[in-house]
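Source file: run04.txt (compact mmCIF, C-alpha atoms)
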# COMPACT_ATOMS: atom_id res chain seq x y z
CA MET O 35 39.31 -160.46 -86.67
CA ILE O 36 36.73 -159.30 -89.22
CA ILE O 37 33.09 -159.04 -88.26
CA ALA O 38 30.13 -158.19 -90.48
CA CYS O 39 26.79 -156.62 -89.64
CA PRO O 40 24.00 -159.15 -90.34
CA ALA O 41 21.61 -156.32 -91.32
CA CYS O 42 23.62 -154.24 -93.80
CA SER O 43 26.68 -156.53 -94.40
CA THR O 44 29.09 -153.77 -93.38
CA ARG O 45 32.39 -155.34 -92.32
CA TYR O 46 34.76 -154.13 -89.63
CA VAL O 47 38.31 -155.01 -88.63
CA VAL O 48 38.56 -155.23 -84.83
CA PRO O 49 41.22 -156.73 -82.57
CA ASP O 50 40.44 -160.05 -80.93
CA SER O 51 40.88 -158.57 -77.48
CA ALA O 52 38.01 -156.14 -78.14
CA ILE O 53 35.53 -159.00 -78.56
CA GLY O 54 37.03 -161.41 -76.02
CA ILE O 55 36.74 -165.18 -75.87
CA ASP O 56 33.20 -165.07 -74.43
CA GLY O 57 31.94 -162.61 -77.06
CA ARG O 58 30.01 -159.39 -76.53
CA THR O 59 27.18 -157.26 -77.88
CA VAL O 60 28.20 -154.84 -80.65
CA ARG O 61 26.35 -152.24 -82.71
CA CYS O 62 26.79 -151.28 -86.32
CA ALA O 63 27.95 -147.69 -86.79
CA LYS O 64 26.11 -147.47 -90.11
CA CYS O 65 22.63 -148.88 -89.49
CA LYS O 66 22.71 -148.91 -85.66
CA HIS O 67 21.79 -152.60 -85.56
CA SER O 68 22.92 -154.49 -82.41
CA TRP O 69 23.86 -158.17 -82.31
CA PHE O 70 25.87 -160.56 -80.14
CA GLN O 71 29.26 -161.32 -81.72
CA GLU O 72 30.84 -164.65 -80.84
CA GLY O 73 34.42 -164.49 -79.58
CA PRO O 74 37.42 -165.81 -81.55
CA ASP O 75 38.72 -169.32 -81.10
CA ALA O 76 40.93 -169.50 -77.99
CA GLU O 77 43.39 -171.95 -79.59
CA ARG O 78 43.79 -169.76 -82.64
CA ILE O 79 44.50 -166.73 -80.50
CA ALA O 80 47.10 -168.64 -78.48
CA ALA O 81 48.78 -170.02 -81.65
CA ALA O 82 48.85 -166.60 -83.28
CA ALA O 83 50.43 -165.11 -80.19
CA ALA O 84 53.08 -167.91 -79.99
CA VAL O 85 54.33 -167.64 -83.64
CA PRO O 86 56.99 -164.98 -83.90
CA VAL O 87 56.60 -162.54 -86.69
CA PRO O 88 59.84 -162.47 -88.87
CA ALA O 89 61.20 -159.20 -90.00
CA ALA O 90 60.07 -158.29 -93.47
CA ALA O 91 62.93 -158.56 -96.04
CA PRO O 92 63.18 -155.86 -98.67
CA ALA O 93 61.56 -156.96 -101.92
CA PRO O 94 63.99 -157.23 -104.93
CA ALA O 95 63.50 -154.84 -107.73
CA PRO O 96 61.66 -156.44 -110.69
CA PRO O 97 63.82 -156.89 -113.85
CA PRO O 98 62.93 -154.71 -116.76
CA SER O 99 60.52 -156.37 -119.10
CA THR O 100 61.64 -156.69 -122.74
CA SER O 101 58.39 -158.11 -124.02
CA PRO O 102 56.00 -155.72 -125.63
CA LYS O 103 52.88 -154.78 -123.74
CA PRO O 104 49.72 -156.28 -125.14
CA ALA O 105 47.31 -154.01 -126.74
CA ALA O 106 44.28 -152.87 -124.97
CA GLY O 107 41.61 -155.52 -125.05
CA ALA O 108 44.01 -158.32 -126.09
CA PRO O 109 44.06 -161.49 -123.95
CA ASP O 110 46.93 -162.04 -121.54
CA PRO O 111 49.00 -165.01 -122.77
CA ALA O 112 50.15 -165.78 -119.17
CA ALA O 113 46.58 -166.22 -117.95
CA LYS O 114 45.17 -169.71 -117.63
CA PRO O 115 42.22 -170.59 -119.77
CA GLY O 116 38.85 -170.64 -117.98
CA PHE O 117 39.71 -167.98 -115.34
CA THR O 118 39.11 -164.31 -115.68
CA TYR O 119 39.99 -161.63 -113.22
CA ASP O 120 37.76 -158.68 -112.72
CA ASP O 121 39.96 -155.89 -111.47
CA THR O 122 36.98 -153.58 -111.28
CA ALA O 123 35.17 -155.70 -108.68
CA SER O 124 35.74 -154.36 -105.23
CA GLU O 125 34.77 -155.68 -101.86
CA PRO O 126 32.85 -153.57 -99.36
CA PRO O 127 35.15 -151.08 -97.75
CA LEU O 128 36.58 -151.99 -94.41
CA ARG O 129 36.05 -149.47 -91.70
CA GLU O 130 38.06 -148.77 -88.61
CA GLY O 131 35.68 -150.54 -86.24
CA PRO O 132 32.07 -150.75 -85.09
CA ASP O 133 30.51 -148.84 -82.29
CA PHE O 134 30.35 -151.12 -79.26
CA ASP O 135 27.05 -150.93 -77.47
CA GLU O 136 27.85 -151.04 -73.81
CA THR O 137 24.18 -151.00 -72.93
CA ALA O 138 21.94 -154.04 -72.97
CA PRO O 139 20.28 -154.88 -76.35
CA PRO O 140 16.58 -154.13 -76.68
CA PHE O 141 14.04 -156.70 -75.63
CA GLY O 142 13.18 -159.23 -78.31
CA GLU O 143 16.79 -159.96 -79.41
CA VAL O 144 18.76 -161.31 -76.46
CA GLN O 145 16.93 -160.53 -73.25
CA ASP O 146 13.81 -162.41 -74.28
CA ASP O 147 15.61 -165.65 -73.46
CA LEU O 148 16.55 -164.54 -69.95
CA PRO O 149 14.39 -165.66 -67.00
CA PRO O 150 12.27 -162.97 -65.31
CA PRO O 151 13.70 -161.44 -62.13
CA PRO O 152 12.54 -163.05 -58.88
CA ALA O 153 9.58 -161.41 -57.18
CA ALA O 154 10.20 -159.64 -53.89
CA GLU O 155 9.16 -161.64 -50.86
CA GLU O 156 6.52 -160.02 -48.67
CA SER O 157 7.06 -160.20 -44.93
CA ASP O 158 4.58 -159.50 -42.15
CA GLY O 159 7.05 -157.59 -39.96
CA PRO O 160 8.64 -154.22 -40.66
CA SER O 161 11.45 -154.13 -43.16
CA ARG O 162 14.93 -153.22 -42.03
CA PHE O 163 15.09 -150.83 -45.00
CA ASP O 164 12.11 -148.78 -43.80
CA HIS O 165 12.69 -145.21 -42.78
CA ALA O 166 13.63 -144.84 -39.11
CA PRO O 167 15.19 -142.05 -37.06
CA PRO O 168 18.98 -142.28 -36.90
CA PHE O 169 19.00 -142.41 -33.11
CA ARG O 170 16.75 -142.58 -30.09
CA PRO O 171 16.27 -139.60 -27.79
CA ARG O 172 18.80 -139.52 -24.97
CA ARG O 173 17.52 -139.95 -21.44
CA ASN O 174 17.95 -136.97 -19.13
CA ILE O 175 19.48 -138.48 -15.97
CA THR O 176 19.26 -135.20 -14.07
CA LYS O 177 15.54 -134.91 -14.76
CA LEU O 178 14.93 -138.50 -13.62
CA TRP O 179 16.81 -137.94 -10.35
CA THR O 180 14.85 -134.71 -9.79
CA TRP O 181 11.55 -136.55 -10.16
CA ALA O 182 12.72 -139.31 -7.82
CA ALA O 183 13.77 -136.77 -5.15
CA ALA O 184 10.42 -134.95 -5.41
CA ILE O 185 8.45 -138.20 -5.01
CA PHE O 186 10.56 -139.27 -2.03
CA ALA O 187 10.08 -135.86 -0.34
CA ALA O 188 6.31 -136.05 -0.83
CA ILE O 189 6.17 -139.54 0.71
CA ALA O 190 8.35 -138.48 3.66
CA LEU O 191 6.23 -135.40 4.40
CA GLY O 192 3.03 -137.46 4.25
CA THR O 193 4.48 -140.05 6.64
CA ILE O 194 5.56 -137.37 9.14
CA ALA O 195 2.14 -135.72 9.04
CA ALA O 196 0.38 -139.07 9.59
CA VAL O 197 2.62 -139.97 12.55
CA ASN O 198 2.09 -136.60 14.20
CA THR O 199 -1.67 -136.86 13.75
CA VAL O 200 -2.38 -140.53 14.46
CA GLY O 201 0.85 -141.82 15.95
CA LEU O 202 2.94 -144.84 15.18
CA PRO O 203 1.10 -148.12 14.69
CA GLU O 204 1.49 -150.83 17.28
CA TRP O 205 3.45 -153.15 14.99
CA VAL O 206 6.30 -150.66 14.52
CA PRO O 207 9.28 -151.99 16.59
CA VAL O 208 10.27 -148.71 18.26
CA SER O 209 10.45 -147.74 21.92
CA ARG O 210 7.57 -145.49 22.91
CA PRO O 211 7.45 -143.28 26.01
CA LEU O 212 5.26 -144.68 28.76
CA PHE O 213 3.84 -141.33 29.82
CA GLY O 214 2.81 -138.29 27.84
CA ALA O 215 4.45 -134.88 27.67
CA ALA O 216 4.77 -132.91 30.91
CA GLN O 217 2.35 -130.09 31.70
CA PRO O 218 4.44 -127.15 33.09
CA ASP O 219 1.48 -125.34 34.67
CA LEU O 220 -0.13 -128.44 36.23
CA GLU O 221 1.33 -130.20 39.26
CA LEU O 222 0.49 -133.87 39.68
CA SER O 223 1.05 -135.51 43.11
CA PHE O 224 0.56 -139.16 44.10
CA PRO O 225 1.26 -139.49 47.84
CA VAL O 226 2.60 -142.91 48.78
CA GLU O 227 1.01 -142.82 52.24
CA GLN O 228 -2.39 -142.42 50.62
CA GLN O 229 -2.00 -145.53 48.43
CA GLU O 230 -3.82 -148.62 49.69
CA ARG O 231 -3.22 -152.23 48.70
CA ARG O 232 -5.15 -155.16 50.29
CA THR O 233 -6.87 -158.46 49.56
CA LEU O 234 -10.65 -158.49 49.79
CA PRO O 235 -12.59 -161.29 51.62
CA ASN O 236 -13.52 -162.84 48.29
CA GLY O 237 -9.80 -163.17 47.39
CA THR O 238 -9.53 -160.37 44.86
CA GLU O 239 -6.75 -157.80 45.07
CA PHE O 240 -7.72 -154.19 45.76
CA PHE O 241 -5.71 -151.07 45.00
CA GLY O 242 -6.78 -147.53 45.92
CA ALA O 243 -4.98 -144.19 45.60
CA ARG O 244 -5.51 -140.44 45.91
CA ILE O 245 -4.37 -138.10 43.11
CA ILE O 246 -4.01 -134.32 43.52
CA VAL O 247 -3.82 -131.96 40.51
CA ALA O 248 -3.02 -128.24 41.06
CA ASN O 249 -3.01 -125.37 38.55
CA THR O 250 -0.12 -122.95 39.21
CA ALA O 251 -0.73 -120.75 36.16
CA ARG O 252 -2.61 -117.47 36.01
CA GLU O 253 -4.95 -118.88 33.40
CA SER O 254 -7.25 -121.83 33.25
CA ARG O 255 -5.66 -125.05 32.01
CA PRO O 256 -7.25 -128.19 30.58
CA ILE O 257 -6.68 -131.42 32.53
CA PRO O 258 -5.43 -134.31 30.37
CA PRO O 259 -6.11 -137.96 31.25
CA ILE O 260 -3.93 -139.57 33.96
CA LEU O 261 -2.13 -142.93 33.60
CA ILE O 262 -1.47 -145.21 36.62
CA VAL O 263 1.07 -148.03 36.18
CA LEU O 264 1.70 -150.96 38.61
CA ARG O 265 5.10 -152.72 38.66
CA ASP O 266 6.50 -155.87 40.25
CA GLN O 267 9.66 -156.38 42.29
CA ARG O 268 11.81 -156.20 39.12
CA GLU O 269 10.07 -152.94 38.14
CA ARG O 270 8.36 -154.57 35.18
CA GLN O 271 4.97 -153.22 34.16
CA VAL O 272 2.25 -155.69 35.13
CA TYR O 273 -0.88 -153.54 35.11
CA SER O 274 -2.03 -150.07 34.01
CA TRP O 275 -5.19 -148.05 33.49
CA VAL O 276 -6.23 -144.51 32.51
CA VAL O 277 -8.12 -142.20 34.86
CA GLN O 278 -10.41 -139.58 33.35
CA PRO O 279 -10.58 -136.38 35.50
CA PRO O 280 -14.08 -135.49 36.77
CA GLN O 281 -13.70 -131.98 35.28
CA SER O 282 -11.98 -130.87 32.09
CA THR O 283 -10.31 -127.58 33.23
CA LEU O 284 -8.80 -126.03 36.34
CA ALA O 285 -9.01 -122.38 37.25
CA PRO O 286 -5.83 -120.49 38.28
CA GLY O 287 -4.66 -121.72 41.77
CA GLU O 288 -7.35 -124.43 41.91
CA GLU O 289 -6.66 -128.01 43.12
CA LEU O 290 -8.48 -131.19 42.16
CA THR O 291 -8.44 -134.41 44.28
CA ILE O 292 -9.23 -137.65 42.53
CA ASN O 293 -9.84 -140.90 44.49
CA GLU O 294 -9.33 -143.96 42.29
CA ALA O 295 -9.66 -147.68 43.16
CA VAL O 296 -9.46 -150.88 41.09
CA THR O 297 -9.74 -154.59 41.76
CA ASP O 298 -8.37 -157.78 40.21
CA VAL O 299 -4.87 -156.31 40.05
CA PRO O 300 -2.00 -158.82 39.76
CA LYS O 301 -0.62 -160.09 43.07
CA SER O 302 2.89 -159.39 41.83
CA ALA O 303 2.22 -155.64 41.68
CA VAL O 304 4.05 -153.90 44.55
CA PHE O 305 4.87 -150.44 43.15
CA ALA O 306 2.69 -147.76 41.60
CA ASP O 307 3.68 -144.96 39.23
CA ILE O 308 1.64 -142.07 37.85
CA GLY O 309 1.85 -139.56 35.00
CA TRP O 310 -0.02 -137.95 32.15
CA ALA O 311 -1.44 -140.40 29.63
CA PRO O 312 0.14 -140.23 26.15
CA ARG O 313 -2.00 -138.80 23.40
Taking this structure as input, can you express it in the form of structure tokens?
Amino acid sequence: MIIACPACSTRYVVPDSAIGIDGRTVRCAKCKHSWFQEGPDAERIAAAAAVPVPAAAPAPAPPPSTSPKPAAGAPDPAAKPGFTYDDTASEPPLREGPDFDETAPPFGEVQDDLPPPPAAEESDGPSRFDHAPPFRPRRNITKLWTWAAAIFAAIALGTIAAVNTVGLPEWVPVSRPLFGAAQPDLELSFPVEQQERRTLPNGTEFFGARIIVANTARESRPIPPILIVLRDQRERQVYSWVVQPPQSTLAPGEELTINEAVTDVPKSAVFADIGWAPR
């Protein structure tokens, strides 16, 4: 197809496939003007492609002319009256092809008719295109376990210290020793023949006993409190009380006799047991 520049009228011969059916933007190689060139007719392209092109036959040689050539400036007798041919007139030269502008034409020619691009929507939250680190820091499992072990050890040591200082609370379901730790240098005797159990005239139960404490060491020893426990026939504890010694220490080889008596003891109490009171 032949296209012409609308600015300088320069014509170009280009193949139909270069323009396409939908047309395209082209630019003149001479004046650099850009315009949108409509595409060729689709039916004409299909018809031109369907018609086979016959092979060109060789042209016969013209017979030699016997008529004399007319003189210069004389009219041609074969020419029809009223028509003259100007062999000197020439059409604008055809060039190989225009420069195709692959870029978009300047504003004001084609893009002025296009709608403006949509405005970006603003969101309150962070955009997923914002800069962020490629990964999160990895957790150190060994460090976490080390911290957990240190905290557990601190709690365990505090619990042990509290139990040794204060003792276990009453609500803890563990078996506790009835008597305290033995005193190797102090001998504690509770003669059965010196224990007395009777009912008073007013009906109350009376229990009396004699306790002997001896120091067998070569040094003075402190005397801890003494615990007396009464039991029934099934050896169950039914009554108990703590006896405070009248003096706090015993000299080496010294003995201390303590006479203790209580009333309102249970009638079921038949046995008595003695030992050092727990701390």
inquiry  = Measuring between only C-alpha atoms, which one of O:Cys42, O:Ala303, O:Asp298, O:Val48 shows the shortest distance to Asn236 in chain O?
reply    = O:Asp298
request  = Can you work out the spacing between CA of Thr291 in chain O and CA of Ala248 in chain O in Å, to one decimal?
outcome  = 8.8 Å
key: Between CA of Cys62 in chain O and CA of Met35 in chain O, distance in Å (one decimal)   = 15.5 Å
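CA of Gln271 in chain O lies 9.4 Å from CA of Phe305 in chain O.
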message = Need the shell around Asn293 in chain O: protein/DNA/RNA residues with any atom at most 10 Å away, counting only C-alpha atoms. Skip same-chain ones fewer than 6 positions apart. Format as a count of residues only?
response = 8
Long-range neighbours of Leu220 in chain O as a PDB file with C-alpha atoms, keeping the file's coordinate frame, 7 Å cut-off, all atoms listed in the file, 2 positions minimum in chain:
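Saved the output as around-v3.pdb:
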ATOM      1  CA  GLN O 217       2.350-130.090  31.700  1.00  0.00           C
ATOM      2  CA  PRO O 218       4.440-127.150  33.090  1.00  0.00           C
ATOM      3  CA  LEU O 222       0.490-133.870  39.680  1.00  0.00           C
ATOM      4  CA  VAL O 247      -3.820-131.960  40.510  1.00  0.00           C
ATOM      5  CA  ALA O 248      -3.020-128.240  41.060  1.00  0.00           C
ATOM      6  CA  ASN O 249      -3.010-125.370  38.550  1.00  0.00           C
ATOM      7  CA  THR O 250      -0.120-122.950  39.210  1.00  0.00           C
TER       8      THR O 250
END
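Comparing O:Ala188, O:Leu234, O:Ile260, O:Val304 by their smallest distance to Ala215 in chain O, the closest is O:Ile260 (using all atoms listed in the file).
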request  = Tell me, as a VMD selection string, which residues lie within 10 Å of range 307-313 of chain O, counting all atoms listed in the file; anything in the same chain fewer than 3 positions away does not count.
outcome  = chain O and resid 199 to 201 210 to 217 222 to 224 226 245 257 to 265 271 274 to 278
